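Trainee: I have a structure here, written as structure tokens, and I will follow up with some questions on it.
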Amino acid sequence: MTALDALFAPRAIAVLGASATPGKLGAAMTDSLASFPGPVMKVNAGRPDSGLGFFPTIAEAAAAHGITPDLVVSCIPAAVTADALREAAAAGARAALVCAGGFAESGGDGALYHQALAEVVRDTGIRVLGPNTSGFLAPHQRLTASFVPGAADLEPGPVAVVAASGGVNHALAFALAEAGVGLRLGVGLGNSLDITQADVLNHLAEDDAVRAVALHVETAAEGRRLAEAVRRLADRVPVVALVVGRSDIGDFARSHTGALATSWRVTRTALRQAGAVLVDDERDLVDAVTALSRVRLPANPRPGIGLVTAQAGPGLLLTDDLRSHGIQVPPLVERTVKELRELLPALTYLNNPVDTGRPSPALTQVVERVSEDPGVDVTAVYGLLEPTAVDLPAVLTAARIATPLVAVVGGPVEQARRTRRQLGEAGIPCAATPASGSVMVRALVEDAGARTRLEAADVTGPGTPTLPLPGPVDEHTAKGVLADLGIRTPARRVCAEPAAVHTALDELGGPVVVKILDAEILHKTEVGGVQVGIRTHQELDDALARMPTSPALLVEQMAPAGPELIVGVRRDPVFGPVLALGAGGTAAEILGDVSLRLAPLSAHEADTMLDELATREMFLGARNATPVDRARLTHVLLALSSLAADKTMAECEINPLRVLPDGDVVALDAVLLLRDSRDQGGSDDA
């Protein structure tokens, strides 16, 4: 039992605004609910007619049917919805679906209607799905709470859809049906006045019949709660997420560190870190969830794929797409190659992908041998339907494979569609094109990798230092905080007058960097406040003459040349603390070359951030350069992550973080921003 059983598994339903007039929303909804096995009560306060089964109130309808409806489906205008649902709750209803629009999304009076409905939820405890949604689908309950034509014909199955939009919910449900996959539950959230995606995901986590979940996200207002729900569900079943809003830079871009990332990227980061498989469009969403509803790999950081193709060209398309996405297609061991050589003609290619030349009865044994190779965790097969050469479905279903199998089958449209459905019913995910087959394989691989990350997600890190009192923090103080966390900073002196600057040069030795020390100036180079490469006292005097006045100066030893990174942590308004790692200079900002994680994070997650950068080879020893000490870099990331435990921290950035010749890293510049005490209450998300 879950808090949403009254909504998704009601004993009885009442339709507010039920109608006998064709074309009206209340009539369409009543017709859709005709297959529901329990009582469906028709309520119409304006035109009651007991002879036709229309009652003026829910209380009277309940008395006539001898049962109180758990679920109320509201097809009445926004202006009267709140009062009607308050009466429904008083009559004993525990959940409501509100289809009407005209609430907060419309502005004006809609905001008042929205507030009134929210007050009903608060006062009565009734759970509300919507408003402004086309409803939900639960085929196994024979419950079609939707006015969309054809929705009642959808078959039950193992996949759930949780969509921000009612329209997307239905579109995905129909696309899954076309792919031969039935629906367990399909939910369109609409305005999410009460019930959110996290609520539905938590409900699904208790449903043992769900095998995979398709998640469509437009906004993520609930932040960490959504990520936590995904993580809870992903422990048991795969979650595939499509996040909308690639072009929206959102509030995250307004911050100094946050200019490196968009809210779309932060949302994707949060869901991926929670264990979801990410896709870029609805077609990939359907392919991925289709595959994962039939096959789920054990946790594996990088599964190997064995490819068998009966036609070389399409097989190469599949191979190329997998490799371009970083999927491992390893060479086969000599024993496997030897066994294949005995099964296939001499002119075929035998070392992954395996090209059989044409479909033949030997295909069964070829697939079996490839699946048994020690480097193969998933076997993918491409073939065109050639019934005169081989019965491809029979070959694939008869194979005694050692790994899960993914098929890609082409041929005459109807024949290929029947074959894909037949293989799907046998538990073999089957795609129509190499591109779709690649999506299926990648989904299996990415889900296995996500499970590995979740198993390694033990969050540890340096202790949180004592931060300064709220107010502007200068660079020297910021670096002191970093040093307390074990992050290397340059040897430095704070000088209040020119004579002290000359003494600092003598003590530190050249070359040195001289900077103005003013907490109000974050970008010192833009005002001429940084002078570098100073070796002599004359050069120092010349540099001081060029610099603006400042309450103090900071003199630091110059670090040796080396590649540079940028590292930062800030509080996203939705997801809370977010950690960013990017290439130094302009690459992170202009090229978007940045990796993100929610904080706190595990050492495993921190270690993987560098590998996501397009410029990673710069830091891994390209052209004989000293590679960065990954353990030291991981320590820096975890240290910054730990700062977020102190709610007085708003943002901290190291730019640049330079890689030294010994591989260690040093913070050459640091910015620490603290929150006003008035901003420190509320959720940990903010």
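Chain labels follow the order of the structure tokens: the first chain is A, the next B, and so on; residue numbering restarts at 1 in every chain, and ligands are counted from 1 in their shown order.
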Find the spatial neighbours of range 437-439 of chain A, counting only C-alpha atoms, within a cut-off of 10 Å - ignore same-chain residues fewer than 4 positions away - and output them as a PyMOL selection string.
Mentor: chain A and resi 279+283-289+291+317-323+325+327+380-382+406-409+429-433+443-445
Trainee: Restrict the selected residues to N, CA, C and O atoms and save them as a compact mmCIF listing (two decimals), in the first residue's frame.
Mentor:
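Below you can see out.txt, which holds the result:
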```txt
# COMPACT_ATOMS: atom_id res chain seq x y z
N VAL A 279 18.81 10.02 -21.97
CA VAL A 279 18.64 9.99 -23.42
C VAL A 279 18.35 11.41 -23.90
O VAL A 279 18.02 12.30 -23.11
N ARG A 283 12.49 9.21 -29.06
CA ARG A 283 12.73 7.94 -29.75
C ARG A 283 13.73 7.10 -28.98
O ARG A 283 13.55 5.89 -28.80
N ASP A 284 14.80 7.74 -28.53
CA ASP A 284 15.79 7.02 -27.73
C ASP A 284 15.19 6.56 -26.40
O ASP A 284 15.56 5.50 -25.88
N LEU A 285 14.29 7.36 -25.84
CA LEU A 285 13.65 6.98 -24.59
C LEU A 285 12.89 5.67 -24.76
O LEU A 285 12.98 4.76 -23.92
N VAL A 286 12.13 5.55 -25.84
CA VAL A 286 11.36 4.33 -26.09
C VAL A 286 12.30 3.15 -26.32
O VAL A 286 12.09 2.06 -25.77
N ASP A 287 13.34 3.33 -27.14
CA ASP A 287 14.28 2.23 -27.39
C ASP A 287 14.96 1.78 -26.11
O ASP A 287 15.08 0.58 -25.83
N ALA A 288 15.42 2.74 -25.30
CA ALA A 288 16.16 2.40 -24.09
C ALA A 288 15.27 1.68 -23.08
O ALA A 288 15.67 0.67 -22.49
N VAL A 289 14.07 2.19 -22.86
CA VAL A 289 13.21 1.57 -21.86
C VAL A 289 12.69 0.22 -22.36
O VAL A 289 12.45 -0.70 -21.56
N ALA A 291 14.48 -1.93 -24.16
CA ALA A 291 15.57 -2.87 -23.88
C ALA A 291 15.66 -3.19 -22.39
O ALA A 291 15.77 -4.35 -22.00
N LEU A 317 27.85 0.17 -39.17
CA LEU A 317 27.14 1.32 -38.61
C LEU A 317 26.91 1.15 -37.11
O LEU A 317 27.12 2.07 -36.32
N LEU A 318 26.50 -0.06 -36.73
CA LEU A 318 26.26 -0.34 -35.32
C LEU A 318 27.56 -0.27 -34.53
O LEU A 318 27.62 0.36 -33.46
N THR A 319 28.61 -0.84 -35.06
CA THR A 319 29.91 -0.83 -34.38
C THR A 319 30.42 0.60 -34.21
O THR A 319 30.88 0.99 -33.12
N ASP A 320 30.34 1.37 -35.28
CA ASP A 320 30.86 2.73 -35.24
C ASP A 320 30.10 3.58 -34.22
O ASP A 320 30.70 4.36 -33.47
N ASP A 321 28.78 3.42 -34.18
CA ASP A 321 27.99 4.23 -33.25
C ASP A 321 28.31 3.86 -31.81
O ASP A 321 28.43 4.74 -30.94
N LEU A 322 28.46 2.59 -31.54
CA LEU A 322 28.80 2.17 -30.18
C LEU A 322 30.15 2.72 -29.76
O LEU A 322 30.31 3.29 -28.68
N ARG A 323 31.15 2.57 -30.61
CA ARG A 323 32.49 3.02 -30.26
C ARG A 323 32.55 4.54 -30.13
O ARG A 323 33.29 5.06 -29.28
N HIS A 325 30.44 6.36 -28.89
CA HIS A 325 29.87 6.71 -27.58
C HIS A 325 30.68 6.11 -26.44
O HIS A 325 30.23 6.07 -25.29
N ILE A 327 31.60 2.98 -25.97
CA ILE A 327 31.24 1.61 -25.58
C ILE A 327 32.36 0.66 -26.02
O ILE A 327 32.86 0.74 -27.14
N ALA A 380 25.24 -8.55 -29.42
CA ALA A 380 24.30 -7.87 -30.31
C ALA A 380 24.40 -8.50 -31.70
O ALA A 380 25.50 -8.77 -32.19
N VAL A 381 23.25 -8.73 -32.32
CA VAL A 381 23.20 -9.41 -33.63
C VAL A 381 22.40 -8.55 -34.60
O VAL A 381 21.30 -8.09 -34.28
N TYR A 382 22.97 -8.35 -35.79
CA TYR A 382 22.23 -7.67 -36.85
C TYR A 382 21.94 -8.67 -37.96
O TYR A 382 22.82 -9.45 -38.36
N VAL A 406 20.86 -8.72 -27.69
CA VAL A 406 20.10 -7.64 -28.32
C VAL A 406 20.11 -7.89 -29.82
O VAL A 406 21.18 -8.16 -30.40
N ALA A 407 18.95 -7.82 -30.46
CA ALA A 407 18.86 -8.07 -31.90
C ALA A 407 18.48 -6.80 -32.64
O ALA A 407 17.76 -5.95 -32.10
N VAL A 408 18.96 -6.69 -33.86
CA VAL A 408 18.54 -5.63 -34.79
C VAL A 408 18.11 -6.34 -36.06
O VAL A 408 18.91 -7.02 -36.69
N VAL A 409 16.83 -6.20 -36.41
CA VAL A 409 16.27 -6.97 -37.51
C VAL A 409 15.63 -6.03 -38.52
O VAL A 409 14.79 -5.20 -38.16
N PRO A 429 15.44 -7.96 -26.56
CA PRO A 429 15.17 -6.64 -27.12
C PRO A 429 15.53 -6.61 -28.61
O PRO A 429 16.59 -7.10 -28.99
N CYS A 430 14.66 -6.03 -29.41
CA CYS A 430 14.88 -6.06 -30.85
C CYS A 430 14.59 -4.69 -31.45
O CYS A 430 13.50 -4.14 -31.26
N ALA A 431 15.57 -4.16 -32.17
CA ALA A 431 15.46 -2.84 -32.79
C ALA A 431 15.27 -2.98 -34.29
O ALA A 431 15.54 -4.03 -34.88
N ALA A 432 14.84 -1.87 -34.92
CA ALA A 432 14.60 -1.88 -36.36
C ALA A 432 15.78 -1.38 -37.16
O ALA A 432 15.90 -1.68 -38.35
N THR A 433 16.67 -0.58 -36.56
CA THR A 433 17.79 0.03 -37.27
C THR A 433 19.06 -0.07 -36.43
O THR A 433 18.98 -0.21 -35.20
N ALA A 443 22.00 1.75 -23.49
CA ALA A 443 21.17 1.84 -22.28
C ALA A 443 21.53 0.73 -21.30
O ALA A 443 21.64 0.98 -20.08
N LEU A 444 21.74 -0.48 -21.81
CA LEU A 444 22.12 -1.58 -20.92
C LEU A 444 23.47 -1.31 -20.28
O LEU A 444 23.67 -1.54 -19.07
N VAL A 445 24.41 -0.81 -21.08
CA VAL A 445 25.76 -0.53 -20.58
C VAL A 445 25.73 0.60 -19.55
O VAL A 445 26.36 0.52 -18.48
```
Trainee: Please compute the CA of Ser642 in chain A-CA of Arg630 in chain A distance, one decimal, in Å.
Mentor: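 Interatomic distance, CA of Ser642 in chain A to CA of Arg630 in chain A: 18.1 Å.
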Trainee: Just the residues within 12 Å of Ala171 in chain A, please, counting only C-alpha atoms, with nothing from its chain fewer than 4 positions along; format it as a list in words.
Mentor: Ser134, Val148, Pro149, Gly150, Ala151, Leu154, Val161, Val162, Ala163, Ser165, Gly166, Gly167, Ala175, Leu176, Ala177, Glu178, Gly186, Val187, Gly188, Ala214, His216, Glu282, Arg283, Leu285 and Val286 of chain A
Trainee: Compile the contact shell of Leu396 in chain A as JSON, numbers by chain: residues with an atom at most 10 Å away, counting only C-alpha atoms, same-chain residues fewer than 2 positions apart removed.
Mentor: {"A": [363, 364, 365, 367, 368, 381, 391, 392, 393, 394, 398, 399, 400, 401, 405, 406, 407, 423, 426, 428]}
Trainee: Using the selection just defined, write its residues with all heavy atoms as a short mmCIF file (atom, residue, chain, number, x, y, z; two decimals), in the first residue's frame.
Mentor:
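Result went into result_36.cif, see below:
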```
data_model
loop_
_atom_site.label_atom_id
_atom_site.label_comp_id
_atom_site.auth_asym_id
_atom_site.auth_seq_id
_atom_site.Cartn_x
_atom_site.Cartn_y
_atom_site.Cartn_z
N LEU A 363 24.55 -19.61 -37.80
CA LEU A 363 24.45 -18.38 -37.02
C LEU A 363 24.20 -18.67 -35.54
O LEU A 363 24.72 -17.97 -34.67
CB LEU A 363 23.32 -17.51 -37.59
CG LEU A 363 23.17 -16.10 -36.99
CD1 LEU A 363 24.44 -15.29 -37.17
CD2 LEU A 363 21.98 -15.38 -37.62
N THR A 364 23.43 -19.71 -35.26
CA THR A 364 23.18 -20.05 -33.85
C THR A 364 24.49 -20.31 -33.11
O THR A 364 24.74 -19.75 -32.03
CB THR A 364 22.29 -21.30 -33.76
OG1 THR A 364 21.03 -21.02 -34.36
CG2 THR A 364 22.06 -21.70 -32.30
N GLN A 365 25.35 -21.16 -33.69
CA GLN A 365 26.61 -21.48 -33.03
C GLN A 365 27.55 -20.28 -32.97
O GLN A 365 28.30 -20.10 -32.01
CB GLN A 365 27.30 -22.65 -33.73
CG GLN A 365 26.51 -23.94 -33.61
CD GLN A 365 26.50 -24.71 -34.90
OE1 GLN A 365 25.88 -24.27 -35.88
NE2 GLN A 365 27.17 -25.85 -34.92
N VAL A 367 26.69 -17.10 -32.70
CA VAL A 367 26.23 -16.25 -31.60
C VAL A 367 26.62 -16.86 -30.25
O VAL A 367 27.07 -16.16 -29.34
CB VAL A 367 24.70 -16.04 -31.69
CG1 VAL A 367 24.17 -15.34 -30.44
CG2 VAL A 367 24.36 -15.24 -32.93
N GLU A 368 26.48 -18.18 -30.13
CA GLU A 368 26.84 -18.83 -28.87
C GLU A 368 28.33 -18.68 -28.57
O GLU A 368 28.71 -18.37 -27.43
CB GLU A 368 26.47 -20.32 -28.94
CG GLU A 368 24.97 -20.56 -28.93
CD GLU A 368 24.60 -22.01 -29.17
OE1 GLU A 368 25.48 -22.78 -29.63
OE2 GLU A 368 23.44 -22.38 -28.90
N VAL A 381 23.25 -8.73 -32.32
CA VAL A 381 23.20 -9.41 -33.63
C VAL A 381 22.40 -8.55 -34.60
O VAL A 381 21.30 -8.09 -34.28
CB VAL A 381 22.54 -10.79 -33.51
CG1 VAL A 381 22.49 -11.47 -34.87
CG2 VAL A 381 23.27 -11.66 -32.50
N ASP A 391 15.84 -19.13 -40.72
CA ASP A 391 14.74 -18.61 -39.92
C ASP A 391 15.37 -17.83 -38.77
O ASP A 391 15.69 -18.39 -37.71
CB ASP A 391 13.89 -19.77 -39.40
CG ASP A 391 12.66 -19.29 -38.63
OD1 ASP A 391 12.63 -18.10 -38.24
OD2 ASP A 391 11.75 -20.10 -38.38
N LEU A 392 15.55 -16.51 -38.97
CA LEU A 392 16.29 -15.71 -38.02
C LEU A 392 15.68 -15.73 -36.61
O LEU A 392 16.42 -15.92 -35.63
CB LEU A 392 16.41 -14.27 -38.54
CG LEU A 392 17.33 -13.33 -37.76
CD1 LEU A 392 18.75 -13.87 -37.72
CD2 LEU A 392 17.32 -11.93 -38.38
N PRO A 393 14.37 -15.56 -36.46
CA PRO A 393 13.82 -15.63 -35.10
C PRO A 393 14.09 -16.97 -34.42
O PRO A 393 14.43 -17.02 -33.24
CB PRO A 393 12.32 -15.40 -35.30
CG PRO A 393 12.21 -14.71 -36.61
CD PRO A 393 13.33 -15.22 -37.44
N ALA A 394 13.97 -18.06 -35.18
CA ALA A 394 14.21 -19.38 -34.59
C ALA A 394 15.67 -19.54 -34.18
O ALA A 394 15.98 -20.10 -33.13
CB ALA A 394 13.82 -20.47 -35.59
N ALA A 398 16.71 -19.98 -30.26
CA ALA A 398 17.26 -21.30 -29.94
C ALA A 398 18.67 -21.23 -29.38
O ALA A 398 19.16 -22.19 -28.77
CB ALA A 398 17.25 -22.18 -31.19
N ALA A 399 19.37 -20.12 -29.59
CA ALA A 399 20.77 -20.01 -29.17
C ALA A 399 20.88 -20.11 -27.64
O ALA A 399 20.14 -19.45 -26.92
CB ALA A 399 21.36 -18.71 -29.67
N ARG A 400 21.81 -20.94 -27.18
CA ARG A 400 22.08 -21.07 -25.74
C ARG A 400 23.21 -20.10 -25.40
O ARG A 400 24.39 -20.48 -25.35
CB ARG A 400 22.44 -22.51 -25.40
CG ARG A 400 21.28 -23.49 -25.60
CD ARG A 400 21.66 -24.88 -25.14
NE ARG A 400 22.72 -25.46 -25.94
CZ ARG A 400 22.53 -26.10 -27.09
NH1 ARG A 400 21.29 -26.25 -27.55
NH2 ARG A 400 23.54 -26.60 -27.77
N ILE A 401 22.83 -18.88 -25.20
CA ILE A 401 23.82 -17.81 -25.06
C ILE A 401 24.26 -17.66 -23.62
O ILE A 401 23.51 -17.92 -22.69
CB ILE A 401 23.27 -16.47 -25.60
CG1 ILE A 401 21.94 -16.13 -24.94
CG2 ILE A 401 23.14 -16.50 -27.10
CD1 ILE A 401 21.40 -14.78 -25.29
N LEU A 405 21.16 -10.92 -24.94
CA LEU A 405 21.20 -10.75 -26.38
C LEU A 405 20.34 -9.56 -26.78
O LEU A 405 19.23 -9.38 -26.27
CB LEU A 405 20.69 -12.01 -27.07
CG LEU A 405 20.65 -12.05 -28.60
CD1 LEU A 405 22.07 -11.96 -29.16
CD2 LEU A 405 19.97 -13.32 -29.08
N VAL A 406 20.86 -8.72 -27.69
CA VAL A 406 20.10 -7.64 -28.32
C VAL A 406 20.11 -7.89 -29.82
O VAL A 406 21.18 -8.16 -30.40
CB VAL A 406 20.70 -6.26 -28.01
CG1 VAL A 406 19.97 -5.16 -28.79
CG2 VAL A 406 20.65 -5.97 -26.52
N ALA A 407 18.95 -7.82 -30.46
CA ALA A 407 18.86 -8.07 -31.90
C ALA A 407 18.48 -6.80 -32.64
O ALA A 407 17.76 -5.95 -32.10
CB ALA A 407 17.83 -9.17 -32.18
N LEU A 423 10.49 -11.72 -30.98
CA LEU A 423 11.72 -11.76 -30.20
C LEU A 423 11.53 -11.06 -28.86
O LEU A 423 12.05 -11.50 -27.82
CB LEU A 423 12.86 -11.13 -30.98
CG LEU A 423 13.34 -11.92 -32.21
CD1 LEU A 423 14.37 -11.11 -32.99
CD2 LEU A 423 13.93 -13.26 -31.78
N ALA A 426 10.05 -13.18 -26.38
CA ALA A 426 11.02 -14.18 -25.91
C ALA A 426 12.07 -13.57 -25.00
O ALA A 426 13.01 -14.25 -24.59
CB ALA A 426 11.69 -14.85 -27.11
N ILE A 428 14.06 -10.94 -25.80
CA ILE A 428 15.20 -10.41 -26.56
C ILE A 428 14.84 -9.02 -27.08
O ILE A 428 13.99 -8.89 -27.96
CB ILE A 428 15.57 -11.33 -27.74
CG1 ILE A 428 15.92 -12.73 -27.24
CG2 ILE A 428 16.72 -10.74 -28.54
CD1 ILE A 428 16.13 -13.74 -28.34
#
```
Trainee: Can you tell me which residues surround range 90-93 of chain A at a distance of at most 6 Å, considering only C-alpha atoms, apart from same-chain residues fewer than 6 positions away, and format the answer as a ChimeraX atom specification?
Mentor: /A:59,69-71
Trainee: Write down as a list in words the residues belonging to range 353-517 of chain A that are assigned strand (DSSP E or B) by DSSP computed on the backbone.
Mentor: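 Result set for range 353-517 of chain A (strand (DSSP E or B)): Val354, Asp355, Val378, Thr379, Ala380, Val381, Tyr382, Gly383, Leu384, Leu405, Val406, Ala407, Val408, Val409, Gly410, Cys430, Ala431, Arg492, Arg493, Val494, Cys495, Val512, Val513, Val514, Lys515 and Ile516 of chain A.
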Trainee: Could you tell me how far CA of Pro498 in chain A sits from CA of Val481 in chain A, in Å to one decimal place?
Mentor: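 Those two atoms sit 26.3 Å apart.
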Trainee: Between A:Ile534, A:His635, A:Ala670, A:Gly275, which has the minimum distance to Glu446 in chain A (counting only C-alpha atoms)?
Mentor: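 Using only C-alpha atoms, the shortest distance to Glu446 in chain A belongs to A:Gly275.
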Trainee: When you count only C-alpha atoms, which of these residues is closest to Val98 in chain A: A:Gln115, A:Ala478, A:Gly245, A:Cys75?
Mentor: A:Cys75
Trainee: Got a sec: who's within 9 Å of Ile516 in chain A, counting only C-alpha atoms, leaving out chain neighbours fewer than 5 positions off, as a PyMOL selection string?
Mentor: chain A and resi 521+524+528-530+547-555
Trainee: Pick out the residues sitting within 7 Å of range 650-666 of chain A, and hand them over as an NGL selection string; count only C-alpha atoms, and ignore anything fewer than 6 positions along from it in its own chain.
Mentor: :A and (257 or 488-490 or 560 or 562-571 or 584 or 626-629 or 632-633 or 672-675)
Trainee: Take CA of Glu119 in chain A and CA of Asn191 in chain A and report the distance between them in Å, one decimal.
Mentor: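 Computed distance, CA of Glu119 in chain A to CA of Asn191 in chain A, equals 15.4 Å.
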Trainee: Find the residue from A:Asp235, A:Asp646, A:Glu455, A:Glu386 that sits nearest to Ser602 in chain A; use only C-alpha atoms when measuring.
Mentor: A:Glu455
